[in-house]
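Listing of coords.cif, mmCIF, C-alpha atoms and all ligand atoms
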```
data_structure
loop_
_atom_site.label_atom_id
_atom_site.label_comp_id
_atom_site.auth_asym_id
_atom_site.auth_seq_id
_atom_site.Cartn_x
_atom_site.Cartn_y
_atom_site.Cartn_z
CA MET A 1037 -4.48 0.32 -24.45
CA VAL A 1038 -5.14 3.95 -23.52
CA ILE A 1039 -6.73 6.69 -25.55
CA VAL A 1040 -5.04 10.03 -25.07
CA MET A 1041 -7.46 12.90 -25.59
CA LYS A 1042 -6.49 16.30 -27.02
CA THR A 1043 -5.93 19.14 -24.57
CA ASP A 1044 -9.01 20.92 -25.95
CA SER A 1045 -11.26 17.83 -26.07
CA LYS A 1046 -14.75 18.23 -24.67
CA GLU A 1047 -16.50 16.18 -22.01
CA SER A 1048 -18.91 14.98 -24.70
CA ASP A 1049 -15.94 13.65 -26.75
CA ILE A 1050 -14.82 11.58 -23.74
CA GLN A 1051 -18.37 10.30 -23.25
CA GLU A 1052 -18.72 9.31 -26.94
CA VAL A 1053 -15.47 7.34 -26.93
CA SER A 1054 -16.36 5.67 -23.60
CA LYS A 1055 -19.80 4.72 -24.93
CA ILE A 1056 -18.34 2.84 -27.88
CA ILE A 1057 -15.85 0.98 -25.67
CA THR A 1058 -18.41 -0.08 -23.06
CA SER A 1059 -20.91 -1.12 -25.75
CA LEU A 1060 -18.34 -3.75 -26.77
CA GLY A 1061 -18.28 -5.24 -23.29
CA LEU A 1062 -15.04 -3.53 -22.25
CA GLY A 1063 -14.47 -1.36 -19.19
CA VAL A 1064 -13.16 2.21 -19.14
CA HIS A 1065 -11.13 4.11 -16.64
CA ILE A 1066 -11.07 7.86 -17.17
CA SER A 1067 -8.11 9.69 -15.77
CA LYS A 1068 -8.47 13.47 -15.81
CA GLY A 1069 -5.06 15.09 -15.64
CA SER A 1070 -4.26 18.76 -15.28
CA GLU A 1071 -3.68 19.07 -19.06
CA ARG A 1072 -5.45 16.19 -20.74
CA SER A 1073 -7.68 13.23 -20.10
CA ILE A 1074 -6.74 9.64 -20.70
CA ILE A 1075 -9.24 6.85 -21.25
CA GLY A 1076 -7.94 3.43 -20.24
CA VAL A 1077 -9.50 0.42 -21.90
CA ILE A 1078 -10.03 -2.48 -19.49
CA GLY A 1079 -10.33 -5.96 -20.92
CA ASP A 1080 -9.41 -7.74 -24.13
CA LYS A 1081 -8.66 -4.94 -26.59
CA ARG A 1082 -9.19 -7.31 -29.55
CA LYS A 1083 -12.90 -6.66 -29.01
CA LEU A 1084 -12.31 -3.20 -30.46
CA GLY A 1085 -11.66 -4.77 -33.87
CA ASP A 1086 -10.93 -2.20 -36.54
CA ILE A 1087 -12.96 0.66 -35.06
CA PRO A 1088 -10.93 3.80 -35.94
CA LEU A 1089 -11.06 5.38 -32.49
CA GLU A 1090 -8.15 7.64 -33.43
CA LEU A 1091 -10.44 9.45 -35.89
CA MET A 1092 -13.09 10.32 -33.32
CA PRO A 1093 -13.50 13.95 -32.22
CA GLY A 1094 -11.19 14.93 -29.38
CA VAL A 1095 -8.88 11.91 -29.71
CA GLU A 1096 -5.18 12.65 -30.06
CA LYS A 1097 -3.69 9.15 -30.19
CA LEU A 1098 -3.98 5.54 -29.10
CA VAL A 1099 -1.15 4.17 -26.97
CA HIS A 1100 -0.59 0.45 -26.54
CA ILE A 1101 0.72 -0.50 -23.11
CA ALA A 1102 3.91 -2.48 -23.41
CA GLU A 1103 4.05 -3.63 -19.78
CA SER A 1104 2.14 -6.73 -18.68
CA TYR A 1105 0.56 -4.73 -15.84
CA LYS A 1106 -1.80 -1.98 -16.90
CA LEU A 1107 -4.04 -0.58 -14.16
CA SER A 1108 -1.12 -0.11 -11.78
CA GLY A 1109 1.08 1.50 -14.45
CA LYS A 1110 1.81 5.12 -15.30
CA THR A 1111 0.73 4.81 -18.96
CA PHE A 1112 -2.78 4.02 -17.80
CA LYS A 1113 -2.85 6.82 -15.22
CA PRO A 1114 0.02 9.33 -15.38
CA GLU A 1115 -1.07 11.38 -12.35
CA PRO A 1116 -0.06 10.04 -8.91
CA SER A 1117 -2.90 8.38 -7.00
CA ILE A 1118 -3.89 9.36 -3.51
CA VAL A 1119 -5.46 6.66 -1.40
CA ASP A 1120 -7.89 8.09 1.13
CA VAL A 1121 -8.42 6.11 4.32
CA ASN A 1122 -11.21 7.85 6.23
CA GLY A 1123 -9.72 11.25 5.48
CA ILE A 1124 -6.03 10.28 5.86
CA LYS A 1125 -4.53 10.76 2.42
CA ILE A 1126 -1.68 8.46 1.43
CA GLY A 1127 0.35 9.75 -1.52
CA GLY A 1128 -0.28 13.46 -0.93
CA LYS A 1129 2.05 16.05 0.58
CA GLU A 1130 1.66 14.76 4.10
CA LEU A 1131 3.73 11.74 5.14
CA VAL A 1132 1.71 8.93 6.64
CA VAL A 1133 3.17 6.92 9.50
CA MET A 1134 1.72 3.58 10.57
CA ALA A 1135 3.13 2.23 13.81
CA GLY A 1136 2.48 -0.38 16.46
CA PRO A 1137 3.57 -3.81 17.55
CA CYS A 1138 4.39 -6.72 15.29
CA ALA A 1139 1.51 -8.63 16.87
CA VAL A 1140 -1.43 -7.78 19.09
CA GLU A 1141 -0.60 -9.58 22.33
CA SER A 1142 -3.01 -8.26 24.98
CA GLN A 1143 -5.40 -5.40 25.68
CA GLU A 1144 -2.85 -3.65 27.87
CA GLN A 1145 -0.07 -3.97 25.29
CA ILE A 1146 -2.07 -2.70 22.31
CA LEU A 1147 -3.65 0.20 24.20
CA GLU A 1148 -0.28 1.32 25.52
CA ALA A 1149 1.25 1.07 22.05
CA ALA A 1150 -1.66 2.94 20.49
CA HIS A 1151 -1.44 5.86 22.92
CA ALA A 1152 2.34 6.01 22.52
CA VAL A 1153 2.39 6.09 18.71
CA LYS A 1154 -0.49 8.55 18.58
CA LYS A 1155 1.39 10.87 20.96
CA SER A 1156 4.32 11.05 18.52
CA GLY A 1157 2.23 11.71 15.41
CA ALA A 1158 1.35 8.34 13.81
CA GLN A 1159 -1.93 8.34 11.94
CA PHE A 1160 -2.33 4.53 11.86
CA LEU A 1161 -2.01 1.76 14.41
CA ARG A 1162 -0.56 -1.47 13.07
CA GLY A 1163 -0.71 -4.86 14.79
CA GLY A 1164 -0.91 -8.40 13.48
CA ALA A 1165 -3.82 -10.58 14.53
CA TYR A 1166 -3.12 -13.28 11.93
CA LYS A 1167 0.61 -13.87 12.04
CA PRO A 1168 2.17 -15.84 9.17
CA ARG A 1169 5.20 -17.09 11.14
CA THR A 1170 8.15 -18.93 9.66
CA SER A 1171 7.75 -21.68 12.26
CA PRO A 1172 4.36 -23.28 12.96
CA TYR A 1173 5.36 -23.50 16.63
CA ALA A 1174 5.83 -19.72 16.99
CA PHE A 1175 3.05 -17.40 18.26
CA GLN A 1176 0.39 -17.32 15.54
CA GLY A 1177 -1.60 -14.29 16.69
CA LEU A 1178 -4.87 -13.73 18.57
CA GLU A 1179 -6.96 -13.77 15.37
CA GLU A 1180 -10.45 -12.24 15.82
CA GLU A 1181 -9.77 -11.50 19.49
CA GLY A 1182 -6.78 -9.43 18.35
CA LEU A 1183 -8.90 -7.56 15.82
CA LYS A 1184 -11.40 -6.69 18.54
CA LEU A 1185 -8.57 -5.26 20.64
CA LEU A 1186 -7.41 -3.17 17.66
CA ALA A 1187 -10.94 -1.82 17.26
CA GLU A 1188 -10.92 -0.93 20.95
CA ALA A 1189 -7.61 0.90 20.52
CA LYS A 1190 -9.10 2.82 17.59
CA LYS A 1191 -12.00 3.90 19.77
CA ALA A 1192 -9.60 5.09 22.46
CA THR A 1193 -7.25 7.00 20.16
CA GLY A 1194 -8.95 7.70 16.82
CA LEU A 1195 -6.08 6.01 14.98
CA GLN A 1196 -6.84 4.17 11.73
CA ILE A 1197 -6.24 0.43 11.88
CA VAL A 1198 -4.12 -1.61 9.45
CA SER A 1199 -3.79 -5.34 9.98
CA GLU A 1200 -2.73 -8.33 7.94
CA VAL A 1201 -5.10 -10.80 6.34
CA THR A 1202 -3.82 -14.21 5.32
CA SER A 1203 -6.84 -16.06 3.91
CA GLU A 1204 -10.19 -15.39 2.33
CA LYS A 1205 -11.87 -16.20 5.66
CA SER A 1206 -9.70 -13.67 7.50
CA VAL A 1207 -10.63 -10.98 4.94
CA GLU A 1208 -14.29 -11.54 5.79
CA ILE A 1209 -13.62 -11.30 9.54
CA ALA A 1210 -11.11 -8.41 9.42
CA ASP A 1211 -13.45 -6.38 7.22
CA LYS A 1212 -15.54 -5.65 10.34
CA TYR A 1213 -12.65 -4.24 12.35
CA VAL A 1214 -9.91 -2.72 10.19
CA ASP A 1215 -9.68 0.39 8.03
CA MET A 1216 -7.00 -1.03 5.76
CA PHE A 1217 -6.09 -4.62 4.93
CA GLN A 1218 -2.43 -5.55 4.88
CA VAL A 1219 -1.15 -8.23 2.52
CA GLY A 1220 2.17 -9.52 3.79
CA ALA A 1221 5.31 -10.48 1.93
CA ARG A 1222 4.42 -14.18 2.07
CA ASN A 1223 1.11 -13.67 0.27
CA VAL A 1224 2.19 -11.27 -2.47
CA GLN A 1225 1.35 -13.85 -5.15
CA ASN A 1226 -1.58 -15.56 -3.40
CA PHE A 1227 -3.82 -14.61 -6.30
CA GLN A 1228 -6.99 -16.08 -4.77
CA LEU A 1229 -6.52 -13.86 -1.72
CA LEU A 1230 -5.70 -10.84 -3.89
CA ARG A 1231 -8.87 -11.32 -5.93
CA GLU A 1232 -10.93 -11.54 -2.75
CA ILE A 1233 -9.42 -8.26 -1.51
CA GLY A 1234 -10.04 -6.76 -4.93
CA ARG A 1235 -13.74 -7.45 -4.59
CA SER A 1236 -13.78 -5.33 -1.42
CA LYS A 1237 -13.34 -1.59 -1.80
CA LYS A 1238 -11.33 -1.34 1.40
CA PRO A 1239 -7.83 0.18 1.00
CA VAL A 1240 -4.98 -2.31 1.03
CA LEU A 1241 -1.36 -2.04 2.07
CA PHE A 1242 0.35 -4.35 -0.38
CA LYS A 1243 3.81 -5.50 0.67
CA ARG A 1244 6.49 -6.67 -1.69
CA GLY A 1245 7.57 -10.29 -1.34
CA SER A 1246 11.11 -10.98 -0.18
CA ALA A 1247 11.94 -12.47 -3.60
CA THR A 1248 9.55 -10.55 -5.83
CA THR A 1249 10.77 -8.35 -8.65
CA ILE A 1250 9.12 -4.95 -9.04
CA ASP A 1251 7.54 -6.17 -12.27
CA GLU A 1252 6.02 -9.21 -10.50
CA TRP A 1253 4.85 -7.00 -7.65
CA LEU A 1254 3.06 -4.55 -9.96
CA ASN A 1255 1.50 -7.48 -11.82
CA ALA A 1256 0.29 -8.87 -8.49
CA ALA A 1257 -1.24 -5.46 -7.61
CA GLU A 1258 -3.08 -5.80 -10.91
CA TYR A 1259 -5.00 -8.80 -9.49
CA ILE A 1260 -6.47 -6.54 -6.80
CA MET A 1261 -7.16 -3.63 -9.15
CA ASN A 1262 -8.62 -5.78 -11.88
CA GLU A 1263 -11.43 -6.74 -9.48
CA GLY A 1264 -12.25 -3.05 -9.03
CA ASN A 1265 -10.30 -2.08 -5.91
CA TYR A 1266 -7.96 0.77 -6.89
CA ASN A 1267 -7.12 1.70 -3.29
CA VAL A 1268 -3.72 0.04 -3.29
CA VAL A 1269 -0.70 1.36 -1.40
CA LEU A 1270 2.57 -0.44 -2.09
CA CYS A 1271 5.07 -1.20 0.68
CA GLU A 1272 8.75 -2.00 0.19
CA ARG A 1273 9.92 -4.17 3.13
CA GLY A 1274 13.29 -5.48 2.09
CA ILE A 1275 14.32 -8.30 -0.20
CA ARG A 1276 16.44 -11.40 0.28
CA THR A 1277 20.07 -10.92 -0.76
CA PHE A 1278 23.43 -12.50 0.11
CA GLU A 1279 23.83 -9.98 2.96
CA THR A 1280 23.19 -11.39 6.43
CA ALA A 1281 24.01 -8.36 8.60
CA THR A 1282 20.39 -7.29 8.26
CA ARG A 1283 17.28 -9.50 8.13
CA ASN A 1284 16.57 -8.39 4.55
CA THR A 1285 18.13 -5.72 2.35
CA LEU A 1286 16.01 -2.60 2.06
CA ASP A 1287 15.73 -1.99 -1.66
CA ILE A 1288 15.67 1.78 -1.48
CA SER A 1289 15.76 1.98 -5.27
CA ALA A 1290 12.33 0.37 -5.36
CA VAL A 1291 10.92 3.73 -4.26
CA PRO A 1292 12.06 5.84 -7.25
CA VAL A 1293 11.55 2.90 -9.63
CA VAL A 1294 7.94 2.40 -8.48
CA LYS A 1295 7.35 6.17 -8.65
CA HIS A 1296 8.59 6.06 -12.25
CA LEU A 1297 6.53 3.02 -13.30
CA SER A 1298 3.37 3.35 -11.24
CA HIS A 1299 0.92 5.96 -10.02
CA LEU A 1300 0.33 4.06 -6.77
CA PRO A 1301 1.60 5.48 -3.48
CA ILE A 1302 4.50 3.64 -1.85
CA ILE A 1303 5.55 3.49 1.77
CA VAL A 1304 8.52 1.71 3.38
CA ASP A 1305 8.74 -0.80 6.22
CA PRO A 1306 12.25 -0.38 7.68
CA SER A 1307 11.49 -2.83 10.53
CA HIS A 1308 11.20 -6.05 8.53
CA ALA A 1309 13.97 -4.86 6.22
CA ALA A 1310 16.55 -4.27 8.97
CA GLY A 1311 15.41 -6.77 11.57
CA LYS A 1312 17.34 -4.73 14.14
CA SER A 1313 15.99 -1.67 15.93
CA ILE A 1314 19.30 0.26 15.78
CA TYR A 1315 19.02 0.67 11.98
CA ILE A 1316 15.39 1.79 11.83
CA ASN A 1317 16.01 5.53 12.21
CA SER A 1318 18.58 5.73 9.37
CA LEU A 1319 16.56 3.57 6.99
CA SER A 1320 13.40 5.54 7.72
CA LYS A 1321 15.07 8.83 6.85
CA ALA A 1322 16.59 7.31 3.70
CA ALA A 1323 13.15 6.04 2.67
CA ILE A 1324 11.53 9.43 3.03
CA ALA A 1325 14.43 11.16 1.28
CA SER A 1326 14.04 8.75 -1.64
CA GLY A 1327 10.43 9.83 -2.11
CA ALA A 1328 8.39 7.35 -0.06
CA ASP A 1329 4.94 8.56 0.98
CA GLY A 1330 5.28 7.23 4.49
CA LEU A 1331 6.44 4.44 6.77
CA ILE A 1332 5.15 1.45 8.66
CA VAL A 1333 7.26 0.90 11.76
CA GLU A 1334 7.08 -1.69 14.53
CA VAL A 1335 6.79 -0.15 18.00
CA HIS A 1336 6.25 -2.13 21.21
CA PRO A 1337 5.79 -0.78 24.75
CA ASN A 1338 8.42 -3.27 25.92
CA PRO A 1339 10.31 -4.62 22.88
CA LYS A 1340 12.45 -7.12 24.82
CA CYS A 1341 9.32 -9.00 25.90
CA ALA A 1342 7.62 -9.02 22.48
CA LEU A 1343 6.17 -12.37 21.40
CA SER A 1344 7.42 -11.82 17.83
CA ASP A 1345 10.13 -9.76 16.14
CA ALA A 1346 11.54 -8.53 19.47
CA ALA A 1347 14.87 -7.40 17.98
CA GLN A 1348 13.41 -4.96 15.50
CA GLN A 1349 10.70 -3.17 17.46
CA LEU A 1350 11.29 0.39 18.64
CA SER A 1351 10.47 1.54 22.14
CA PRO A 1352 7.98 4.42 22.39
CA ASP A 1353 10.88 6.82 23.12
CA GLU A 1354 12.87 5.66 20.10
CA PHE A 1355 9.77 6.09 17.97
CA GLY A 1356 9.31 9.59 19.39
CA SER A 1357 12.85 10.56 18.28
CA LEU A 1358 12.19 9.13 14.83
CA CYS A 1359 9.01 11.18 14.46
CA LYS A 1360 10.86 14.32 15.56
CA ASP A 1361 13.48 13.66 12.86
CA LEU A 1362 10.78 13.01 10.28
CA SER A 1363 9.09 16.31 10.98
CA GLU A 1364 12.44 18.06 10.40
CA ILE A 1365 13.44 16.31 7.18
CA SER A 1366 9.94 16.48 5.74
CA LYS A 1367 10.30 20.28 5.53
CA ILE A 1368 13.46 20.06 3.42
CA LEU A 1369 11.76 17.58 1.10
CA GLY A 1370 8.63 19.66 0.56
CA ARG A 1371 6.54 17.18 2.56
CA GLU A 1372 4.74 17.54 5.86
CA PHE A 1373 4.75 15.53 9.03
CA LYS A 1374 3.54 16.77 12.34
CA TYR A 1375 5.41 15.54 15.38
CA GLY A 1376 3.16 15.12 18.42
CA THR A 1377 -0.59 15.12 18.73
C1 LIG A 1401 4.24 -7.64 9.26
O1 LIG A 1401 4.26 -6.47 8.86
O2 LIG A 1401 3.64 -7.97 10.29
C2 LIG A 1401 4.94 -8.69 8.51
C3 LIG A 1401 4.79 -9.98 8.80
O3 LIG A 1401 5.75 -8.22 7.55
P1 LIG A 1401 6.19 -8.92 6.16
O4 LIG A 1401 4.93 -9.45 5.55
O5 LIG A 1401 6.77 -7.77 5.40
O6 LIG A 1401 7.18 -9.97 6.50
MN MN A 1402 6.87 -8.28 12.51
#
```
Could you take the file, read its structure, and then write that structure out as structure tokens?
Amino acid sequence: MVIVMKTDSKESDIQEVSKIITSLGLGVHISKGSERSIIGVIGDKRKLGDIPLELMPGVEKLVHIAESYKLSGKTFKPEPSIVDVNGIKIGGKELVVMAGPCAVESQEQILEAAHAVKKSGAQFLRGGAYKPRTSPYAFQGLEEEGLKLLAEAKKATGLQIVSEVTSEKSVEIADKYVDMFQVGARNVQNFQLLREIGRSKKPVLFKRGSATTIDEWLNAAEYIMNEGNYNVVLCERGIRTFETATRNTLDISAVPVVKHLSHLPIIVDPSHAAGKSIYINSLSKAAIASGADGLIVEVHPNPKCALSDAAQQLSPDEFGSLCKDLSEISKILGREFKYGT
């Protein structure tokens, strides 16, 4: 439930209402919009009993949330959220681009990738250290050694680091090295892992599962937020359909739908959607045109030799052209993206 305050309500009115709610063992989330404030009630609203909150000074109305997700929904917080990762704001006017190899393979590879993506304008370096591969015999990632190499690349370039965590143990280890956790498509409903990430305050890039509806995805985000971590950025990465020409089908409509239902920022991963490097540029532009707040793109210094996802990784030059295009289309869309360092 949310309590919508009147446009002329006073700060003391908000405090009085909040005091009653918290005294009953419930949590509050105050969202101050440009016109009015909204107080979200966190927890079992039955605890409120018959208290006539709607009669309190400054209260306009009580709104019951129909959706099963609450904290991630627009009713709870109508204003768009901006997730700040060490000064890089995701969900604001500026587009945020995360780029780098599918997996961290060696010091030379990750440093070369980091310098290349930085040169074209990326703000984040991506790279998997824990790789949840379809086959147990495929390259599984360098684990902590890979995280150390990412931290080294951050030192060399100043890029923020995003990397996937796959277990509670890996959250504990990655916490020392990364600026943003990534939850991959295969773990979207690993609720134990989501709760663990929720107990950290570190921002999280939360990918959609390949067979997850938007409703299930927003409910899953709720597991992270319900533990107190509101720094969630959603990422559409393609869903499984009957089409086999691409690895997955990029659900471009997820972007406007999520923008309509949720206040959370959303970025798009065209790489795992397409599975083929030749389609990345078009899908990236479509994603930004549809309202996405940024992209996460796989870039490898030598894609043909990549140990994972070789077919979909862009070369540094291809990534450079994409960034040039992004800086052009961002102007038309009222966004900003700076090509080059
Ligand atoms: C990845 O980004 O490294 C990855 C494995 O993607 P996804 O979880 O979307 O398959
Ligand atoms: Mn990959």
What does the distance between atom CA of Glu1334 of chain A and atom CA of Asp1287 of chain A come to in Å, to one decimal place?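 We find that atom CA of Glu1334 of chain A and atom CA of Asp1287 of chain A lie 18.4 Å from each other.
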Throw together the list of residues within 9 Å of ligand LIG 1401 (chain A), counting only C-alpha atoms and all ligand atoms, and drop it here as a PyMOL selection string. chain A and resi 1137-1139+1162-1169+1199-1200+1218-1224+1243-1246+1271-1274+1305+1307-1309+1332-1334+1345
Selection near Val1140 of chain A, 12 Å with only C-alpha atoms, sequence-local residues under 6 positions removed, as a PyMOL selection string: chain A and resi 1146-1150+1161-1167+1175-1189+1197-1200+1334-1337+1342-1344
Env of Pro1093 of chain A: 9 Å cut, atoms = all atoms listed in the file, seq-sep filter 6 positions within chain, self excluded. Answer as a ChimeraX atom specification. /A:1045-1046,1049-1050,1052-1053
Serialized selection, C-alpha atoms, as a PDB file, keeping the file's coordinate frame:
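Result went into again_15.pdb, see below:
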```
ATOM      1  CA  SER A1045     -11.260  17.830 -26.070  1.00  0.00           C
ATOM      2  CA  LYS A1046     -14.750  18.230 -24.670  1.00  0.00           C
ATOM      3  CA  ASP A1049     -15.940  13.650 -26.750  1.00  0.00           C
ATOM      4  CA  ILE A1050     -14.820  11.580 -23.740  1.00  0.00           C
ATOM      5  CA  GLU A1052     -18.720   9.310 -26.940  1.00  0.00           C
ATOM      6  CA  VAL A1053     -15.470   7.340 -26.930  1.00  0.00           C
TER       7      VAL A1053
END
```
One number please: atom CA of His1151 of chain A to atom CA of Ser1318 of chain A, in Å, one decimal. 24.2 Å
Add whatever atoms are absent from segment 1065-1078 of chain A to reach N, CA, C and O atoms, and provide the output as a compact mmCIF listing (two decimals), in the frame of the given file.
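The resulting file, rebuild.txt, is shown below:
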```txt
# COMPACT_ATOMS: atom_id res chain seq x y z
N HIS A 1065 -11.57 3.38 -17.82
CA HIS A 1065 -11.13 4.11 -16.64
C HIS A 1065 -10.67 5.48 -17.12
O HIS A 1065 -9.73 5.59 -17.91
N ILE A 1066 -11.40 6.51 -16.69
CA ILE A 1066 -11.07 7.86 -17.17
C ILE A 1066 -10.18 8.55 -16.15
O ILE A 1066 -10.51 8.63 -14.97
N SER A 1067 -9.05 9.02 -16.65
CA SER A 1067 -8.11 9.69 -15.77
C SER A 1067 -8.00 11.14 -16.25
O SER A 1067 -7.52 11.40 -17.35
N LYS A 1068 -8.48 12.06 -15.41
CA LYS A 1068 -8.47 13.47 -15.81
C LYS A 1068 -7.24 14.16 -15.24
O LYS A 1068 -7.16 14.42 -14.06
N GLY A 1069 -6.28 14.43 -16.09
CA GLY A 1069 -5.06 15.09 -15.64
C GLY A 1069 -5.23 16.59 -15.69
O GLY A 1069 -6.27 17.11 -16.11
N SER A 1070 -4.16 17.30 -15.28
CA SER A 1070 -4.26 18.76 -15.28
C SER A 1070 -4.30 19.30 -16.72
O SER A 1070 -4.89 20.34 -16.99
N GLU A 1071 -3.70 18.58 -17.67
CA GLU A 1071 -3.68 19.07 -19.06
C GLU A 1071 -4.63 18.31 -19.97
O GLU A 1071 -5.29 18.88 -20.82
N ARG A 1072 -4.63 16.99 -19.83
CA ARG A 1072 -5.45 16.19 -20.74
C ARG A 1072 -6.03 14.98 -20.04
O ARG A 1072 -5.54 14.57 -19.00
N SER A 1073 -7.07 14.43 -20.67
CA SER A 1073 -7.68 13.23 -20.10
C SER A 1073 -7.18 12.01 -20.85
O SER A 1073 -6.84 12.09 -22.04
N ILE A 1074 -7.17 10.90 -20.11
CA ILE A 1074 -6.74 9.64 -20.70
C ILE A 1074 -7.83 8.61 -20.41
O ILE A 1074 -8.30 8.50 -19.28
N ILE A 1075 -8.23 7.89 -21.45
CA ILE A 1075 -9.24 6.85 -21.25
C ILE A 1075 -8.54 5.50 -21.34
O ILE A 1075 -7.97 5.15 -22.38
N GLY A 1076 -8.56 4.76 -20.25
CA GLY A 1076 -7.94 3.43 -20.24
C GLY A 1076 -8.99 2.39 -20.63
O GLY A 1076 -10.13 2.46 -20.17
N VAL A 1077 -8.58 1.48 -21.48
CA VAL A 1077 -9.50 0.42 -21.90
C VAL A 1077 -9.21 -0.81 -21.05
O VAL A 1077 -8.07 -1.30 -21.03
N ILE A 1078 -10.23 -1.32 -20.36
CA ILE A 1078 -10.03 -2.48 -19.49
C ILE A 1078 -10.66 -3.71 -20.14
O ILE A 1078 -11.85 -3.72 -20.45
```
